[in-house]
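Notes for the one structure printed next.
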Amino acid sequence: MTSSIEFQNFFRSLQLLKFFVDIGINHFILCPGSRSAPLAIAAGELFRTGKIKLINTLDERSAGFHALGISTASANNVIVITTSGTAVANLLPSAVEADRSCINILYITADRPLRLKNCGANQTVNQEEFLSSACKLSLSTNLNGLHQTSDSDLKNLISLISRENLLKPGPIHLNIPIEKPLLILNKNKKRVFEIFDKEYINKNISFPVSEIKNESCKVEEKIIKQINLDHSGLIIVGPYRGSTSNLLEFNKSLEIIQKLTGWPIFADPVSGINSSLRGLVDHWEIIISINKISLNFEQLLRIGPMSSSNILEDFLLNFDGPHFLIKENDSRYLDPIKKSIEYQFGLNKFVNQLLDKKDITNIRNKALMPITNELIDKGKRIKKQIKKYLSINDHITEFSIANLVPEIWPKNNPIMISASSPIRDWLTFSGKEVFSRRCFSFRGASGIDGTLSIAQGIARIMNPLLLVTGDLSFLHDINGWLNQDAKNINLKILLIDNHGGNIFNRLYKNNLTKFEIDNLFLMKRHVNWKKLAEAHEIPYLSILSLEKLKEAFQWSLSIKKSAIIRVEINTDYEIKQREDLFKYIFDNY
Ligand SMILES: Cc1ncc(C[n+]2csc(CCOP(=O)(O)OP(=O)(O)O)c2C)c(N)n1
């Protein structure tokens, strides 16, 4: 029995998955299929022996996004195991986002052996190529079948993957051709597992990674030479794309820069920064839209990618001084306006080098620059005006939600903001209360797919999590409810029902006919939300006023599981109110 394919398929599957546990991976997501049966059974054994957390799910697309959420929140790689064929194609959307958002995911897909490729065999496609455009590595075990993959081949694969993950985060695809028989008889399974158990189960094999040399960095020297800490400057912090485990250090480094300069900070809601950071300017997007280009700074220190703000983009385009852009471990260009000198090794390394090269040993709080105080005051004034306006016009709107939720959702409880309107509204209307917790949004590729599954993944690690989402983004990934045990995840969903993609109304209202907007863009769907929630056994509440939101949050928090709060938006009223609010702010500025 020991040399049979049946034995080898199961034994190698156990070995492979256990090696991944040895390099620190503990979340596995499994999608059903028969070609992947040896891997599934092996994962089941590792789960039974307490070595891994195992989640099963039906839809591979949602599974990939679910992995993305878990990986982001836990700062630990996640494995998704699928069968062959279109199952693999369904992983591409999450791979694209993982690539752009710099998140580790390992896709393990089962395939037919080489003898069955390119000859019309059932469910046999060129799946080894499907994810290559988004994955930093596309690997395979022996093409004739896992049973012919040697122990050392497996170990080499693990070392390669470990090293790649240390070099730069992102998705990896490992395709595994498996020869039949795919199932192992119960009596044989027991015997194989006993052999495996003795040799591997409680032994942690180490996979030493050869030294990764620090690349010499001319860019770093160039920036350090050019940046003048005594002159005026502005710090712009975009969405955080580093690892959650580095966030504390990232904040310390940012604090150092701010202390040394006294510069103001314009921060994105998902920048990951602390609310206590000095120099934070509220409602900076409104300030720059009022002041147009008249904000005079000598230099810009940009951290992370560009926020979703056309106003910011225009401002940056019109700024002629030097732009320095610090990225978290991403060698790709991240400046669409192509004006900055880009440094890829992260803020922490940059600040250490800066202190070293400029010979700074004593980090004292430099007084805030006059322009910093001025901007902070302007932000405060706008904040008051928004509050005053909302107190008079208290109908619920998308911008009033963006303004109020960061204040009433409990501090330290995380929030995920869906792509499309919510993230844009939060950038404009939320105050610095937003930074009292970690906020997430996935705009690496700006898809609206995967919203629910990503949120569920984050909430498995950090909860209670509030997901603020538009109705279409929510519906797009409704299969997220098929993720195992979804209803028991401590996730609260604030569903902004503006009857389709209202963002298009905002963008095109003045140029397209109502027919065109309704039929070509809006995608208004008549969903019975209550029944949809009931079908998945999710507690559901629909509210009509802003006043009720706080109560609704309390209601949802009293349920330690998933809950949906729906807010219906009157879109005509919303658009009118938004215009009036801006007019009010501009008139009273
Ligand atoms: C996968 C994907 N398909 C299509 C789009 C284009 N798109 C951008 S926003 C949007 C509508 C989003 O609607 P909703 O979630 O209701 O948000 P809101 O109307 O509040 O903006 C669509 C379809 C996209 N970003 N991603």
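In the structure tokens, each chain is lettered A, B, ... as it comes, each chain's residues begin at 1, and ligands are numbered from 1 in order of appearance.
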Produce as a ChimeraX atom specification the set of residues near ligand 1, where near means within 10 Å with only C-alpha atoms and all ligand atoms considered. /A:93,398,418-425,443,445-451,468-477,495-506,521-524,569,571
With C-alpha atoms retained, could you export that selection as an mmCIF file, in the first residue's frame?
data_model
loop_
_atom_site.group_PDB
_atom_site.id
_atom_site.type_symbol
_atom_site.label_atom_id
_atom_site.label_comp_id
_atom_site.auth_asym_id
_atom_site.auth_seq_id
_atom_site.Cartn_x
_atom_site.Cartn_y
_atom_site.Cartn_z
ATOM 1 C CA PRO A 93 -10.932 38.886 -8.947
ATOM 2 C CA GLU A 398 -25.300 59.528 2.668
ATOM 3 C CA SER A 418 -17.094 49.834 0.549
ATOM 4 C CA ALA A 419 -15.691 51.220 -2.694
ATOM 5 C CA SER A 420 -17.920 53.587 -4.712
ATOM 6 C CA SER A 421 -19.727 56.426 -2.873
ATOM 7 C CA PRO A 422 -19.156 55.450 0.780
ATOM 8 C CA ILE A 423 -15.359 55.786 0.660
ATOM 9 C CA ARG A 424 -15.599 59.111 -1.187
ATOM 10 C CA ASP A 425 -18.179 60.459 1.263
ATOM 11 C CA ARG A 443 -9.350 50.109 -3.567
ATOM 12 C CA ALA A 445 -8.363 47.588 -8.005
ATOM 13 C CA SER A 446 -11.493 49.436 -6.847
ATOM 14 C CA GLY A 447 -13.867 46.558 -7.555
ATOM 15 C CA ILE A 448 -17.239 46.435 -5.884
ATOM 16 C CA ASP A 449 -17.108 42.629 -5.952
ATOM 17 C CA GLY A 450 -16.154 40.733 -2.783
ATOM 18 C CA THR A 451 -17.431 43.399 -0.365
ATOM 19 C CA VAL A 468 -20.781 50.454 5.426
ATOM 20 C CA THR A 469 -21.884 49.516 1.925
ATOM 21 C CA GLY A 470 -23.990 50.591 -1.014
ATOM 22 C CA ASP A 471 -26.796 48.264 -2.114
ATOM 23 C CA LEU A 472 -25.135 47.105 -5.352
ATOM 24 C CA SER A 473 -21.787 46.350 -3.728
ATOM 25 C CA PHE A 474 -23.619 44.298 -1.137
ATOM 26 C CA LEU A 475 -25.690 42.394 -3.713
ATOM 27 C CA HIS A 476 -22.682 41.740 -5.930
ATOM 28 C CA ASP A 477 -21.226 39.416 -3.325
ATOM 29 C CA LEU A 495 -26.709 48.950 4.054
ATOM 30 C CA ILE A 496 -27.122 52.275 2.292
ATOM 31 C CA ASP A 497 -29.992 51.593 -0.048
ATOM 32 C CA ASN A 498 -29.923 54.369 -2.606
ATOM 33 C CA HIS A 499 -31.643 52.181 -5.202
ATOM 34 C CA GLY A 500 -28.732 51.133 -7.380
ATOM 35 C CA GLY A 501 -25.459 52.769 -8.289
ATOM 36 C CA ASN A 502 -26.397 56.264 -7.230
ATOM 37 C CA ILE A 503 -22.811 57.313 -7.810
ATOM 38 C CA PHE A 504 -23.661 57.436 -11.523
ATOM 39 C CA ASN A 505 -26.543 59.776 -10.809
ATOM 40 C CA ARG A 506 -24.134 62.128 -9.090
ATOM 41 C CA PHE A 521 -25.937 52.735 -15.227
ATOM 42 C CA LEU A 522 -28.171 52.663 -12.182
ATOM 43 C CA MET A 523 -29.133 48.960 -12.124
ATOM 44 C CA LYS A 524 -31.953 49.570 -9.705
ATOM 45 C CA ILE A 569 -31.970 57.146 0.870
ATOM 46 C CA THR A 571 -31.753 60.170 -3.866
#
Please provide the set of residues having any atom within 9 Å of region 329-335 of chain A, restricted to only C-alpha atoms, with same-chain residues fewer than 2 positions apart removed, written as a list in words. Cys102, Leu167, Lys168, Pro169, Arg241, Gly242, Gly304, Pro305, Met306, Leu325, Lys327, Ile337, Lys338, Lys339, Ser340, Glu342, Tyr343, Gln344, Phe345 and Gly346 of chain A
Output for the residues just chosen: N, CA and C atoms as a compact mmCIF listing (two decimals), in the first residue's frame:
# COMPACT_ATOMS: atom_id res chain seq x y z
N CYS A 102 -1.48 44.51 -2.02
CA CYS A 102 -0.30 43.93 -1.36
C CYS A 102 -0.69 43.02 -0.18
N LEU A 167 9.96 38.90 0.64
CA LEU A 167 10.42 39.93 -0.29
C LEU A 167 9.34 40.97 -0.56
N LYS A 168 8.15 40.48 -0.90
CA LYS A 168 7.04 41.42 -1.14
C LYS A 168 5.71 40.68 -1.01
N PRO A 169 4.74 41.33 -0.39
CA PRO A 169 3.45 40.66 -0.21
C PRO A 169 2.67 40.58 -1.51
N ARG A 241 -1.22 50.51 2.90
CA ARG A 241 -1.08 49.23 2.18
C ARG A 241 0.01 48.36 2.79
N GLY A 242 0.43 48.70 4.00
CA GLY A 242 1.44 47.86 4.64
C GLY A 242 0.76 46.74 5.42
N GLY A 304 1.96 56.54 0.88
CA GLY A 304 0.96 55.60 0.37
C GLY A 304 0.34 56.08 -0.93
N PRO A 305 -0.56 55.23 -1.49
CA PRO A 305 -1.15 55.57 -2.79
C PRO A 305 -2.11 56.74 -2.71
N MET A 306 -2.59 57.13 -3.86
CA MET A 306 -3.50 58.28 -3.97
C MET A 306 -4.89 57.94 -3.41
N LEU A 325 7.31 60.54 -2.37
CA LEU A 325 6.26 59.53 -2.14
C LEU A 325 6.88 58.29 -1.49
N LYS A 327 6.29 54.53 -0.12
CA LYS A 327 5.37 53.41 -0.30
C LYS A 327 5.77 52.27 0.64
N ILE A 337 -0.07 61.03 -11.20
CA ILE A 337 0.24 62.33 -11.79
C ILE A 337 1.74 62.45 -12.11
N LYS A 338 2.47 61.41 -11.77
CA LYS A 338 3.88 61.27 -12.18
C LYS A 338 4.75 62.47 -11.81
N LYS A 339 4.59 62.92 -10.58
CA LYS A 339 5.38 64.09 -10.19
C LYS A 339 6.37 63.77 -9.07
N SER A 340 6.24 62.58 -8.50
CA SER A 340 7.01 62.37 -7.26
C SER A 340 8.24 61.50 -7.45
N GLU A 342 9.68 58.35 -5.94
CA GLU A 342 9.03 57.28 -5.17
C GLU A 342 10.06 56.41 -4.44
N TYR A 343 9.81 56.19 -3.17
CA TYR A 343 10.68 55.35 -2.35
C TYR A 343 9.86 54.16 -1.88
N GLN A 344 10.38 52.93 -2.10
CA GLN A 344 9.52 51.77 -1.94
C GLN A 344 9.68 50.97 -0.66
N PHE A 345 10.61 51.34 0.21
CA PHE A 345 10.91 50.43 1.32
C PHE A 345 10.19 50.77 2.63
N GLY A 346 9.20 51.60 2.56
CA GLY A 346 8.35 51.82 3.73
C GLY A 346 8.78 53.00 4.58
Where does region 411-479 of chain A meet region 8-30 of chain A within 12 Å, residue by residue, with the nearest atom pair and distance in Å to one decimal for each, counting only C-alpha atoms, listed by chain and rising number, as a tab-separated table?
residue	atom	partner	partner_atom	distance
A:Gly457	CA	A:His27	CA	10.6
A:Arg460	CA	A:His27	CA	10.7
A:Ile461	CA	A:His27	CA	10.8
Residues flagged helix (DSSP H, G or I) by DSSP in region 379-518 of chain A, as an NGL selection string: :A and (379-392 or 398-408 or 421-429 or 432-436 or 451-461 or 471-476 or 478-482 or 486-488 or 502-508 or 514-518)
Give me a file of those residues, with C-alpha atoms, as a PDB file, in the first residue's frame.
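Full text of result.pdb as output:
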ATOM      1  CA  GLY A 379     -11.112  72.351   9.343  1.00  0.00           C
ATOM      2  CA  LYS A 380     -12.728  73.029  12.711  1.00  0.00           C
ATOM      3  CA  ARG A 381     -14.865  75.779  11.212  1.00  0.00           C
ATOM      4  CA  ILE A 382     -16.075  73.515   8.415  1.00  0.00           C
ATOM      5  CA  LYS A 383     -16.826  70.822  10.955  1.00  0.00           C
ATOM      6  CA  LYS A 384     -19.039  73.239  12.891  1.00  0.00           C
ATOM      7  CA  GLN A 385     -20.813  74.320   9.713  1.00  0.00           C
ATOM      8  CA  ILE A 386     -21.548  70.723   8.734  1.00  0.00           C
ATOM      9  CA  LYS A 387     -22.911  70.024  12.214  1.00  0.00           C
ATOM     10  CA  LYS A 388     -25.052  73.136  12.144  1.00  0.00           C
ATOM     11  CA  TYR A 389     -26.420  72.255   8.734  1.00  0.00           C
ATOM     12  CA  LEU A 390     -27.192  68.686   9.796  1.00  0.00           C
ATOM     13  CA  SER A 391     -28.980  69.899  12.902  1.00  0.00           C
ATOM     14  CA  ILE A 392     -31.361  71.927  10.760  1.00  0.00           C
ATOM     15  CA  GLU A 398     -25.300  59.528   2.668  1.00  0.00           C
ATOM     16  CA  PHE A 399     -23.104  62.430   3.746  1.00  0.00           C
ATOM     17  CA  SER A 400     -24.814  62.697   7.137  1.00  0.00           C
ATOM     18  CA  ILE A 401     -24.051  58.988   7.654  1.00  0.00           C
ATOM     19  CA  ALA A 402     -20.395  59.569   6.753  1.00  0.00           C
ATOM     20  CA  ASN A 403     -20.272  62.445   9.207  1.00  0.00           C
ATOM     21  CA  LEU A 404     -22.075  60.803  12.112  1.00  0.00           C
ATOM     22  CA  VAL A 405     -21.078  57.133  12.046  1.00  0.00           C
ATOM     23  CA  PRO A 406     -17.407  57.663  13.049  1.00  0.00           C
ATOM     24  CA  GLU A 407     -18.722  59.515  16.116  1.00  0.00           C
ATOM     25  CA  ILE A 408     -21.334  56.996  17.222  1.00  0.00           C
ATOM     26  CA  SER A 421     -19.727  56.426  -2.873  1.00  0.00           C
ATOM     27  CA  PRO A 422     -19.156  55.450   0.780  1.00  0.00           C
ATOM     28  CA  ILE A 423     -15.359  55.786   0.660  1.00  0.00           C
ATOM     29  CA  ARG A 424     -15.599  59.111  -1.187  1.00  0.00           C
ATOM     30  CA  ASP A 425     -18.179  60.459   1.263  1.00  0.00           C
ATOM     31  CA  TRP A 426     -16.076  59.424   4.223  1.00  0.00           C
ATOM     32  CA  LEU A 427     -13.081  61.212   2.804  1.00  0.00           C
ATOM     33  CA  THR A 428     -15.064  64.432   2.486  1.00  0.00           C
ATOM     34  CA  PHE A 429     -17.382  64.375   5.473  1.00  0.00           C
ATOM     35  CA  LYS A 432     -10.864  62.811  12.709  1.00  0.00           C
ATOM     36  CA  GLU A 433     -13.039  60.579  14.937  1.00  0.00           C
ATOM     37  CA  VAL A 434     -12.715  58.164  12.040  1.00  0.00           C
ATOM     38  CA  PHE A 435      -9.147  57.460  13.207  1.00  0.00           C
ATOM     39  CA  SER A 436     -10.294  56.153  16.613  1.00  0.00           C
ATOM     40  CA  THR A 451     -17.431  43.399  -0.365  1.00  0.00           C
ATOM     41  CA  LEU A 452     -19.384  41.097   1.951  1.00  0.00           C
ATOM     42  CA  SER A 453     -16.837  38.273   1.976  1.00  0.00           C
ATOM     43  CA  ILE A 454     -13.917  40.603   2.695  1.00  0.00           C
ATOM     44  CA  ALA A 455     -15.837  42.165   5.580  1.00  0.00           C
ATOM     45  CA  GLN A 456     -16.692  38.732   6.964  1.00  0.00           C
ATOM     46  CA  GLY A 457     -13.016  37.790   6.733  1.00  0.00           C
ATOM     47  CA  ILE A 458     -11.914  40.880   8.653  1.00  0.00           C
ATOM     48  CA  ALA A 459     -14.675  40.314  11.209  1.00  0.00           C
ATOM     49  CA  ARG A 460     -13.471  36.781  11.875  1.00  0.00           C
ATOM     50  CA  ILE A 461     -10.300  38.398  13.248  1.00  0.00           C
ATOM     51  CA  ASP A 471     -26.796  48.264  -2.114  1.00  0.00           C
ATOM     52  CA  LEU A 472     -25.135  47.105  -5.352  1.00  0.00           C
ATOM     53  CA  SER A 473     -21.787  46.350  -3.728  1.00  0.00           C
ATOM     54  CA  PHE A 474     -23.619  44.298  -1.137  1.00  0.00           C
ATOM     55  CA  LEU A 475     -25.690  42.394  -3.713  1.00  0.00           C
ATOM     56  CA  HIS A 476     -22.682  41.740  -5.930  1.00  0.00           C
ATOM     57  CA  ILE A 478     -24.399  38.051  -1.805  1.00  0.00           C
ATOM     58  CA  ASN A 479     -22.846  34.567  -1.993  1.00  0.00           C
ATOM     59  CA  GLY A 480     -20.750  35.669   0.949  1.00  0.00           C
ATOM     60  CA  TRP A 481     -23.631  34.321   3.031  1.00  0.00           C
ATOM     61  CA  LEU A 482     -22.576  30.879   1.817  1.00  0.00           C
ATOM     62  CA  ALA A 486     -21.485  33.374   8.059  1.00  0.00           C
ATOM     63  CA  LYS A 487     -24.471  34.356  10.148  1.00  0.00           C
ATOM     64  CA  ASN A 488     -22.490  33.809  13.350  1.00  0.00           C
ATOM     65  CA  ASN A 502     -26.397  56.264  -7.230  1.00  0.00           C
ATOM     66  CA  ILE A 503     -22.811  57.313  -7.810  1.00  0.00           C
ATOM     67  CA  PHE A 504     -23.661  57.436 -11.523  1.00  0.00           C
ATOM     68  CA  ASN A 505     -26.543  59.776 -10.809  1.00  0.00           C
ATOM     69  CA  ARG A 506     -24.134  62.128  -9.090  1.00  0.00           C
ATOM     70  CA  LEU A 507     -21.619  61.888 -11.898  1.00  0.00           C
ATOM     71  CA  TYR A 508     -23.877  62.005 -14.941  1.00  0.00           C
ATOM     72  CA  LYS A 514     -33.010  59.898 -17.021  1.00  0.00           C
ATOM     73  CA  PHE A 515     -33.596  56.959 -19.381  1.00  0.00           C
ATOM     74  CA  GLU A 516     -29.859  56.594 -19.981  1.00  0.00           C
ATOM     75  CA  ILE A 517     -28.966  56.826 -16.305  1.00  0.00           C
ATOM     76  CA  ASP A 518     -31.679  54.392 -15.217  1.00  0.00           C
TER      77      ASP A 518
END
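Remark: for His323 (chain A), the closest of the candidate residues A:Ile376, A:Leu355, A:Cys217, A:Ile235 is A:Ile235 (distances computed over only C-alpha atoms).
Proximity to Ser558 (chain A) was assessed for A:Pro269, A:Gly279, A:Pro32, A:Pro464 counting only C-alpha atoms; the smallest distance is recorded for A:Pro464.
You will find CA of Ser253 (chain A) at 17.4 Å from CA of Arg438 (chain A).
With CA of Ile256 (chain A) on one side and CA of Lys349 (chain A) on the other, the separation reads 12.5 Å.
Here the question is which of A:Lys180, A:Lys51, A:Lys222, A:Lys366 gets nearest to Thr261 (chain A) using only C-alpha atoms, and that residue is A:Lys366.
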When DSSP is applied to the backbone of this structure, which of region 134-191 of chain A are assigned strand (DSSP E or B)? Write them out as a PyMOL selection string. chain A and resi 137-140+171-177
Given the choices A:Gly272, A:Ile396, A:Asn511, A:Val527, which gets closest to Leu544 (chain A) if the distance is worked out from only C-alpha atoms? A:Ile396
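CA of Ile265 (chain A) to CA of Phe324 (chain A) spans 14.4 Å [interatomic distance, one decimal].
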Surrounding residues of Arg115 (chain A) excluding itself and chain neighbours under 6 positions, 12 Å, only C-alpha atoms, as a PyMOL selection string: chain A and resi 121+124+143-145+177-180
Save the residues we just selected, N, CA and C atoms, as an mmCIF file, in the first residue's frame?
data_model
loop_
_atom_site.group_PDB
_atom_site.id
_atom_site.type_symbol
_atom_site.label_atom_id
_atom_site.label_comp_id
_atom_site.auth_asym_id
_atom_site.auth_seq_id
_atom_site.Cartn_x
_atom_site.Cartn_y
_atom_site.Cartn_z
ATOM 1 N N ALA A 121 -10.312 16.122 -21.882
ATOM 2 C CA ALA A 121 -10.770 15.465 -20.639
ATOM 3 C C ALA A 121 -11.695 16.402 -19.869
ATOM 4 N N THR A 124 -11.054 19.933 -17.687
ATOM 5 C CA THR A 124 -9.604 20.130 -17.807
ATOM 6 C C THR A 124 -9.342 21.335 -18.705
ATOM 7 N N LEU A 143 4.078 17.530 -12.746
ATOM 8 C CA LEU A 143 2.968 17.586 -13.711
ATOM 9 C C LEU A 143 2.280 16.232 -13.901
ATOM 10 N N ASN A 144 2.988 15.145 -13.577
ATOM 11 C CA ASN A 144 2.373 13.817 -13.716
ATOM 12 C C ASN A 144 1.483 13.477 -12.537
ATOM 13 N N GLY A 145 1.617 14.239 -11.481
ATOM 14 C CA GLY A 145 0.756 13.976 -10.320
ATOM 15 C C GLY A 145 1.500 14.204 -9.019
ATOM 16 N N PRO A 177 -1.412 19.021 -9.983
ATOM 17 C CA PRO A 177 -1.987 17.908 -10.739
ATOM 18 C C PRO A 177 -2.090 16.675 -9.842
ATOM 19 N N ILE A 178 -3.248 16.020 -9.883
ATOM 20 C CA ILE A 178 -3.438 14.839 -9.021
ATOM 21 C C ILE A 178 -3.995 13.693 -9.866
ATOM 22 N N GLU A 179 -3.320 12.564 -9.787
ATOM 23 C CA GLU A 179 -3.741 11.349 -10.519
ATOM 24 C C GLU A 179 -4.763 10.611 -9.670
ATOM 25 N N LYS A 180 -5.642 9.823 -10.335
ATOM 26 C CA LYS A 180 -6.603 9.010 -9.593
ATOM 27 C C LYS A 180 -5.886 7.822 -8.953
#
Which residue of A:Ser34, A:Gln353, A:Ser101, A:Asn490 approaches Val219 (chain A) most closely, using only C-alpha atoms: A:Gln353
Looking at only C-alpha atoms, which of A:Lys560, A:Lys411, A:Lys357, A:His283 is the one that sits closest to Phe266 (chain A)? A:His283
